[in-house]
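S.K.: Got a file for you: input.txt, compact mmCIF, C-alpha atoms.
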```txt
# COMPACT_ATOMS: atom_id res chain seq x y z
CA MET A 12 0.00 0.00 0.00
CA SER A 13 1.28 3.48 -0.88
CA THR A 14 1.74 6.19 1.74
CA PRO A 15 2.23 9.96 1.29
CA LEU A 16 5.61 11.52 2.02
CA SER A 17 6.05 13.31 5.34
CA LEU A 18 4.92 16.91 5.45
CA GLN A 19 8.01 17.75 7.52
CA ALA A 20 10.20 17.59 4.41
CA PRO A 21 12.94 15.20 5.58
CA PRO A 22 16.45 15.96 4.29
CA LEU A 23 17.72 14.15 1.20
CA PHE A 24 21.05 12.31 1.24
CA ILE A 25 21.98 11.87 -2.42
CA VAL A 26 24.65 9.35 -3.43
CA LEU A 27 25.77 10.60 -6.87
CA ASN A 28 27.93 8.39 -9.07
CA ALA A 29 29.82 10.70 -11.41
CA ALA A 30 30.81 7.77 -13.64
CA SER A 31 27.27 6.50 -14.36
CA GLY A 32 25.93 6.85 -17.89
CA SER A 33 26.91 9.83 -20.02
CA SER A 34 25.51 12.55 -17.75
CA ASP A 35 27.82 15.36 -16.68
CA ALA A 36 28.21 15.23 -12.89
CA ALA A 37 28.69 19.00 -12.51
CA GLN A 38 25.54 19.72 -14.50
CA THR A 39 23.63 17.14 -12.46
CA CYS A 40 24.80 18.78 -9.22
CA ASP A 41 23.70 22.18 -10.51
CA THR A 42 20.28 20.84 -11.40
CA ILE A 43 19.90 19.21 -7.99
CA ALA A 44 20.93 22.40 -6.19
CA THR A 45 18.64 24.62 -8.29
CA VAL A 46 15.51 22.48 -7.98
CA LEU A 47 15.90 21.67 -4.29
CA ALA A 48 16.85 25.24 -3.33
CA ALA A 49 13.73 26.54 -5.08
CA ALA A 50 11.70 24.04 -3.05
CA GLY A 51 13.50 24.97 0.18
CA ARG A 52 14.54 21.35 0.66
CA THR A 53 17.63 20.44 2.69
CA HIS A 54 19.93 18.04 0.86
CA HIS A 55 23.45 16.63 1.00
CA ILE A 56 25.34 15.23 -2.02
CA LEU A 57 27.80 12.38 -1.42
CA MET A 58 29.90 12.33 -4.59
CA VAL A 59 31.27 8.95 -5.70
CA GLY A 60 34.74 9.28 -7.19
CA SER A 61 35.23 5.57 -7.98
CA THR A 62 33.22 2.38 -7.77
CA GLN A 63 35.44 1.20 -4.90
CA THR A 64 34.16 3.99 -2.63
CA LEU A 65 30.49 3.54 -3.56
CA PRO A 66 29.53 0.90 -0.93
CA GLU A 67 31.10 2.93 1.90
CA LEU A 68 29.38 6.14 0.79
CA ALA A 69 26.06 4.29 0.53
CA ARG A 70 26.40 3.02 4.10
CA ASP A 71 27.35 6.53 5.24
CA ALA A 72 24.23 7.97 3.58
CA VAL A 73 22.03 5.39 5.32
CA ALA A 74 23.62 6.11 8.72
CA ARG A 75 23.18 9.88 8.31
CA ALA A 76 19.59 9.47 7.12
CA HIS A 77 18.87 7.32 10.16
CA ALA A 78 20.28 9.99 12.45
CA GLU A 79 18.31 12.83 10.83
CA GLN A 80 15.18 10.90 9.79
CA GLY A 81 16.03 11.59 6.16
CA ILE A 82 15.62 9.97 2.76
CA VAL A 83 18.41 8.19 0.86
CA VAL A 84 18.61 8.85 -2.89
CA ALA A 85 20.68 6.95 -5.46
CA ALA A 86 21.75 8.99 -8.50
CA GLY A 87 23.26 6.71 -11.13
CA GLY A 88 22.63 3.65 -13.27
CA ASP A 89 21.20 0.30 -12.22
CA GLY A 90 24.53 -0.75 -10.67
CA THR A 91 24.68 2.36 -8.48
CA ILE A 92 21.04 1.98 -7.47
CA ASN A 93 21.74 -1.67 -6.60
CA THR A 94 24.63 -0.77 -4.28
CA VAL A 95 22.63 1.87 -2.43
CA ALA A 96 19.67 -0.51 -2.15
CA GLN A 97 22.02 -3.09 -0.64
CA ALA A 98 22.88 -0.62 2.12
CA MET A 99 19.19 0.30 2.51
CA LEU A 100 17.87 -3.24 3.00
CA GLY A 101 16.29 -3.66 6.42
CA SER A 102 16.75 0.00 7.36
CA GLY A 103 13.09 0.97 7.06
CA LEU A 104 14.14 4.24 5.40
CA THR A 105 12.57 5.76 2.30
CA PHE A 106 14.48 5.33 -0.97
CA GLY A 107 14.57 7.70 -3.95
CA VAL A 108 16.14 7.38 -7.40
CA LEU A 109 17.61 9.86 -9.90
CA PRO A 110 18.29 7.74 -13.03
CA GLN A 111 21.63 8.47 -14.72
CA GLY A 112 22.41 5.19 -16.52
CA THR A 113 22.11 3.71 -19.99
CA PHE A 114 19.14 1.37 -19.59
CA ASN A 115 17.56 2.40 -16.24
CA TYR A 116 15.33 -0.69 -16.05
CA PHE A 117 14.54 -0.28 -12.36
CA SER A 118 13.45 3.35 -12.58
CA ARG A 119 11.52 2.85 -15.82
CA GLU A 120 9.49 -0.02 -14.38
CA HIS A 121 8.38 2.17 -11.47
CA GLY A 122 7.55 5.24 -13.56
CA ILE A 123 10.52 7.35 -12.46
CA PRO A 124 11.46 9.80 -15.25
CA ALA A 125 14.94 9.78 -16.79
CA ASP A 126 15.10 13.58 -16.83
CA THR A 127 16.91 14.71 -13.67
CA GLU A 128 14.71 17.74 -13.01
CA ALA A 129 11.52 15.70 -13.43
CA ALA A 130 12.89 12.97 -11.16
CA LEU A 131 13.72 15.59 -8.50
CA LEU A 132 10.19 16.96 -8.62
CA LEU A 133 8.97 13.40 -8.11
CA LEU A 134 11.13 13.14 -4.97
CA LEU A 135 9.35 16.23 -3.66
CA ASP A 136 5.80 15.23 -4.55
CA GLY A 137 5.70 11.44 -4.96
CA GLU A 138 4.36 8.75 -2.70
CA VAL A 139 6.07 5.80 -1.04
CA ARG A 140 5.34 2.30 -2.31
CA PRO A 141 6.98 -0.95 -1.12
CA VAL A 142 8.69 -2.84 -3.96
CA GLN A 143 10.21 -6.28 -4.31
CA VAL A 144 13.91 -7.05 -4.08
CA GLY A 145 15.69 -10.20 -5.20
CA ARG A 146 18.63 -11.66 -3.32
CA VAL A 147 21.30 -14.24 -4.11
CA ASN A 148 23.15 -15.30 -0.98
CA GLU A 149 23.68 -11.90 0.68
CA ARG A 150 23.68 -9.85 -2.51
CA VAL A 151 20.64 -7.79 -3.55
CA PHE A 152 19.42 -7.44 -7.14
CA LEU A 153 16.65 -5.15 -8.36
CA VAL A 154 16.71 -6.06 -12.07
CA ASN A 155 18.45 -9.41 -12.55
CA ALA A 156 21.11 -11.84 -11.39
CA SER A 157 22.91 -14.33 -13.60
CA LEU A 158 25.78 -16.75 -14.04
CA GLY A 159 27.56 -18.31 -16.99
CA LEU A 160 27.28 -16.53 -20.34
CA TYR A 161 25.59 -13.35 -19.11
CA PRO A 162 28.36 -12.24 -16.68
CA ALA A 163 30.88 -12.78 -19.50
CA LEU A 164 28.73 -10.61 -21.76
CA LEU A 165 28.64 -7.85 -19.13
CA GLU A 166 32.41 -7.89 -18.63
CA ASN A 167 33.02 -7.66 -22.37
CA ARG A 168 30.45 -4.87 -22.64
CA GLU A 169 32.19 -2.83 -19.93
CA GLU A 170 35.54 -3.24 -21.71
CA TRP A 171 34.00 -1.96 -24.96
CA LYS A 172 32.38 0.94 -23.12
CA ARG A 173 35.72 1.97 -21.62
CA GLN A 174 37.16 2.16 -25.14
CA LEU A 175 34.21 3.48 -27.15
CA GLY A 176 31.93 5.17 -24.61
CA ARG A 177 28.57 4.27 -23.12
CA SER A 178 25.71 3.75 -25.55
CA ARG A 179 23.14 1.11 -26.41
CA ILE A 180 24.82 0.51 -29.79
CA VAL A 181 28.14 -0.32 -28.09
CA ALA A 182 26.31 -2.59 -25.66
CA PHE A 183 24.57 -4.41 -28.53
CA TRP A 184 27.75 -5.10 -30.52
CA ALA A 185 29.65 -6.21 -27.43
CA GLY A 186 26.84 -8.65 -26.67
CA LEU A 187 26.74 -9.94 -30.24
CA LEU A 188 30.48 -10.69 -30.33
CA THR A 189 30.27 -12.42 -26.95
CA LEU A 190 27.49 -14.70 -28.21
CA LEU A 191 29.61 -15.74 -31.21
CA ARG A 192 32.40 -17.11 -29.00
CA GLU A 193 32.62 -20.60 -27.54
CA HIS A 194 30.92 -20.86 -24.15
CA ARG A 195 31.68 -23.12 -21.23
CA ARG A 196 28.78 -25.35 -20.31
CA LEU A 197 27.56 -25.50 -16.74
CA THR A 198 26.17 -28.54 -14.96
CA LEU A 199 23.90 -27.23 -12.22
CA ASP A 200 21.87 -28.97 -9.54
CA ILE A 201 18.86 -26.82 -8.73
CA GLU A 202 16.07 -27.19 -6.18
CA HIS A 203 12.85 -25.18 -6.00
CA GLY A 204 9.22 -25.87 -5.11
CA GLY A 205 10.15 -29.18 -3.52
CA GLU A 206 11.67 -30.53 -6.75
CA ARG A 207 15.28 -31.23 -7.69
CA ARG A 208 16.75 -31.41 -11.15
CA THR A 209 20.08 -31.32 -12.94
CA ILE A 210 20.46 -29.07 -15.94
CA ARG A 211 23.20 -28.40 -18.48
CA THR A 212 23.23 -24.84 -19.68
CA VAL A 213 25.42 -21.96 -20.84
CA THR A 214 23.71 -19.48 -18.55
CA LEU A 215 21.14 -19.04 -15.78
CA PHE A 216 19.33 -15.70 -15.72
CA VAL A 217 17.05 -14.70 -12.82
CA GLY A 218 14.81 -11.71 -13.46
CA ASN A 219 13.18 -9.31 -11.02
CA ASN A 220 12.08 -6.63 -13.50
CA ARG A 221 8.70 -6.88 -15.21
CA LEU A 222 9.66 -4.47 -18.00
CA GLN A 223 12.77 -6.41 -19.01
CA LEU A 224 10.99 -9.77 -18.91
CA GLU A 225 8.09 -8.46 -20.99
CA GLN A 226 10.50 -7.09 -23.58
CA LEU A 227 11.97 -10.58 -23.93
CA GLY A 228 8.52 -12.12 -24.25
CA LEU A 229 8.62 -14.20 -21.07
CA PRO A 230 5.22 -15.07 -19.54
CA GLU A 231 6.75 -15.21 -16.04
CA ALA A 232 6.81 -11.38 -16.01
CA SER A 233 3.35 -11.38 -14.43
CA ASP A 234 4.54 -13.71 -11.63
CA LEU A 235 6.71 -10.95 -10.12
CA ALA A 236 3.56 -9.29 -8.76
CA ARG A 237 2.93 -12.48 -6.75
CA GLY A 238 6.23 -12.36 -4.88
CA ARG A 239 8.18 -14.57 -7.28
CA LEU A 240 11.29 -14.34 -9.46
CA ALA A 241 11.67 -15.59 -13.04
CA ALA A 242 14.42 -18.02 -14.10
CA ILE A 243 15.61 -18.53 -17.68
CA THR A 244 18.17 -21.09 -18.83
CA LEU A 245 19.55 -21.71 -22.32
CA ARG A 246 20.29 -25.27 -23.33
CA PRO A 247 23.75 -25.75 -24.91
CA THR A 248 23.53 -24.81 -28.57
CA GLY A 249 25.60 -23.72 -31.57
CA LYS A 250 26.47 -20.21 -32.72
CA LEU A 251 23.74 -20.01 -35.37
CA ALA A 252 21.08 -21.13 -32.90
CA MET A 253 22.42 -18.61 -30.39
CA LEU A 254 22.02 -15.82 -32.93
CA LEU A 255 18.46 -16.95 -33.62
CA LEU A 256 17.77 -16.79 -29.89
CA LEU A 257 19.14 -13.23 -29.87
CA VAL A 258 16.72 -12.29 -32.66
CA ARG A 259 13.80 -13.91 -30.83
CA GLY A 260 14.71 -11.96 -27.69
CA ALA A 261 14.85 -8.70 -29.66
CA LEU A 262 11.41 -9.48 -31.08
CA GLY A 263 9.96 -10.30 -27.66
CA ARG A 264 9.51 -14.01 -28.43
CA LEU A 265 12.20 -15.68 -26.32
CA GLY A 266 9.71 -17.43 -24.03
CA ASP A 267 8.45 -19.87 -26.68
CA ALA A 268 11.89 -20.89 -28.05
CA ASP A 269 12.58 -24.62 -27.79
CA ARG A 270 16.16 -24.07 -26.52
CA VAL A 271 14.89 -22.01 -23.58
CA MET A 272 13.59 -23.30 -20.24
CA ASN A 273 11.83 -20.74 -18.06
CA PHE A 274 9.91 -20.92 -14.78
CA SER A 275 9.14 -18.79 -11.72
CA PHE A 276 9.96 -19.41 -8.05
CA ARG A 277 10.06 -17.88 -4.58
CA THR A 278 13.29 -19.57 -3.48
CA LEU A 279 15.85 -21.57 -5.43
CA ASN A 280 19.00 -23.40 -4.31
CA LEU A 281 21.78 -24.02 -6.82
CA SER A 282 25.10 -25.85 -6.75
CA SER A 283 27.70 -26.61 -9.41
CA ARG A 284 29.32 -30.03 -9.60
CA ARG A 285 32.70 -28.67 -10.60
CA ARG A 286 32.91 -25.26 -8.96
CA ARG A 287 32.92 -23.97 -5.43
CA HIS A 288 33.28 -20.37 -6.58
CA ILE A 289 30.89 -19.03 -9.21
CA LYS A 290 31.00 -15.71 -11.05
CA VAL A 291 27.63 -13.99 -10.58
CA ALA A 292 26.34 -10.72 -12.04
CA THR A 293 23.81 -8.66 -10.07
CA ASP A 294 22.34 -5.65 -11.89
CA GLY A 295 25.38 -5.45 -14.14
CA GLU A 296 28.04 -5.78 -11.41
CA VAL A 297 30.11 -8.99 -11.54
CA ALA A 298 31.60 -10.72 -8.47
CA TRP A 299 32.67 -14.17 -7.30
CA MET A 300 30.34 -15.99 -4.87
CA ASN A 301 30.74 -19.18 -2.87
CA ALA A 302 28.47 -22.07 -3.83
CA PRO A 303 25.83 -23.17 -3.09
CA LEU A 304 23.80 -20.18 -4.24
CA HIS A 305 20.46 -19.35 -2.63
CA PHE A 306 18.07 -17.14 -4.63
CA GLU A 307 15.00 -15.63 -2.98
CA ALA A 308 12.32 -13.02 -3.57
CA LEU A 309 11.88 -10.40 -0.84
CA PRO A 310 8.47 -8.77 -1.43
CA ASP A 311 7.92 -5.22 -0.11
CA ALA A 312 11.55 -4.99 0.99
CA LEU A 313 12.27 -1.45 -0.24
CA ASN A 314 10.21 1.73 0.36
CA LEU A 315 10.50 3.54 -2.97
CA ILE A 316 9.28 7.02 -3.94
CA VAL A 317 7.10 6.64 -7.05
CA PRO A 318 4.53 8.79 -8.91
CA ARG A 319 1.21 9.25 -7.18
CA GLY A 320 -1.79 7.24 -8.33
CA PRO A 321 -1.97 3.77 -9.89
CA ALA A 322 1.20 1.71 -10.26
CA ALA A 323 3.27 2.75 -13.28
```
Could you rewrite the structure in this file as structure tokens?
M.R.:
Amino acid sequence: MSTPLSLQAPPLFIVLNAASGSSDAAQTCDTIATVLAAAGRTHHILMVGSTQTLPELARDAVARAHAEQGIVVAAGGDGTINTVAQAMLGSGLTFGVLPQGTFNYFSREHGIPADTEAALLLLLDGEVRPVQVGRVNERVFLVNASLGLYPALLENREEWKRQLGRSRIVAFWAGLLTLLREHRRLTLDIEHGGERRTIRTVTLFVGNNRLQLEQLGLPEASDLARGRLAAITLRPTGKLAMLLLLVRGALGRLGDADRVMNFSFRTLNLSSRRRRHIKVATDGEVAWMNAPLHFEALPDALNLIVPRGPAA
């Protein structure tokens, strides 16, 4: 259930990642200062100089917001928003977002505008709605988590972006070249809903974003509203078949492909027969995790500022 924001205008603690997307950090700071000063709203900007300092600054913002009964705001792409949400989990604080990334799946799903000034006005006049969070072991994900092929794709994409800049075209070509390479097959033991099975796959993708799943044409998108996550695995296949799967995904028809297995779940346990350490991507950030992996949906875990009225 949604609740109105406090009339006492709590201070905003804004974690701003200067490296996210293509936005100019100085211009973003000017916009924040102009809009919030005109509204008479107290705010503090915690500028992120590098990704290594982001988790510490996020925890600092949460601690300061606790002390002053404030609101924590993440200004950046999905990876930045993920890190701040990680620090927010269990705090009971209100969470705001100023999208600054390339895809902005999390903010788009919840109706948060990409324009910084419009997103700031939403922070001032929106309402608070609890939203679902996914978690793998102790790591939060708002959009998706994955292992196998997808983390490799993300790492290659980031390398291309460092050389050619951030854009959707660069992301597409990096993904295409990754798909054309040979991929290591995974043998995974998974358990969910009281059933166990062994699968061989090149990737496991767990989605927590209705918009992204609908774009791929996966029927499990509607299950997210029932406190579930969506899992997609690709059976081992050749390069031509992989390209055809890419086309089906672009056309929103991935869900009915015969090389794809998809299902929804509330909790899922996963182990690999050959690996104790598994590379996992959460909202675009790649890290090593110790097996077994435990995936779970956490409904209503984050109090997000969204537009007033019906759900976006």
S.K.: Quick one, how far is atom CA of Arg207 of chain A from atom CA of Arg150 of chain A?
M.R.: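 Computed distance, atom CA of Arg207 of chain A to atom CA of Arg150 of chain A, equals 23.5 Å.
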S.K.: Excluding same-chain residues fewer than 6 positions from Thr45 of chain A, what lies within 10 Å of it counting only C-alpha atoms, as a VMD selection string?
M.R.: chain A and resid 39 51 128
S.K.: Go ahead and compute the interatomic distance for atom CA of Leu199 of chain A and atom CA of Phe117 of chain A, in Å to one decimal.
M.R.: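 According to the coordinates, atom CA of Leu199 of chain A and atom CA of Phe117 of chain A are separated by 28.5 Å.
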S.K.: Between atom CA of Arg52 of chain A and atom CA of Ala72 of chain A, what is the distance, to one decimal in Å?
M.R.: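 Atom-to-atom, atom CA of Arg52 of chain A to atom CA of Ala72 of chain A, that is 16.8 Å.
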S.K.: As JSON, please: the centre and edge lengths in Å, to one decimal, of an axis-aligned box enclosing every listed atom of segment 279-287 of chain A with 3 Å added on each side.
M.R.:
```
{"center_x": 24.4, "center_y": -25.8, "center_z": -7.5, "size_x": 23.1, "size_y": 14.5, "size_z": 12.3}
```
S.K.: Quick one: residues within 8 Å of Gly90 of chain A, all atoms listed in the file counted, chain neighbours fewer than 4 positions away excluded, as JSON, numbers by chain?
M.R.: {"A": [94, 293, 294, 295, 296]}
S.K.: Nearest to Ala74 of chain A: which of A:Ala98, A:Ile56, A:Ile123, A:Leu245 is it, counting all atoms listed in the file?
M.R.: A:Ala98
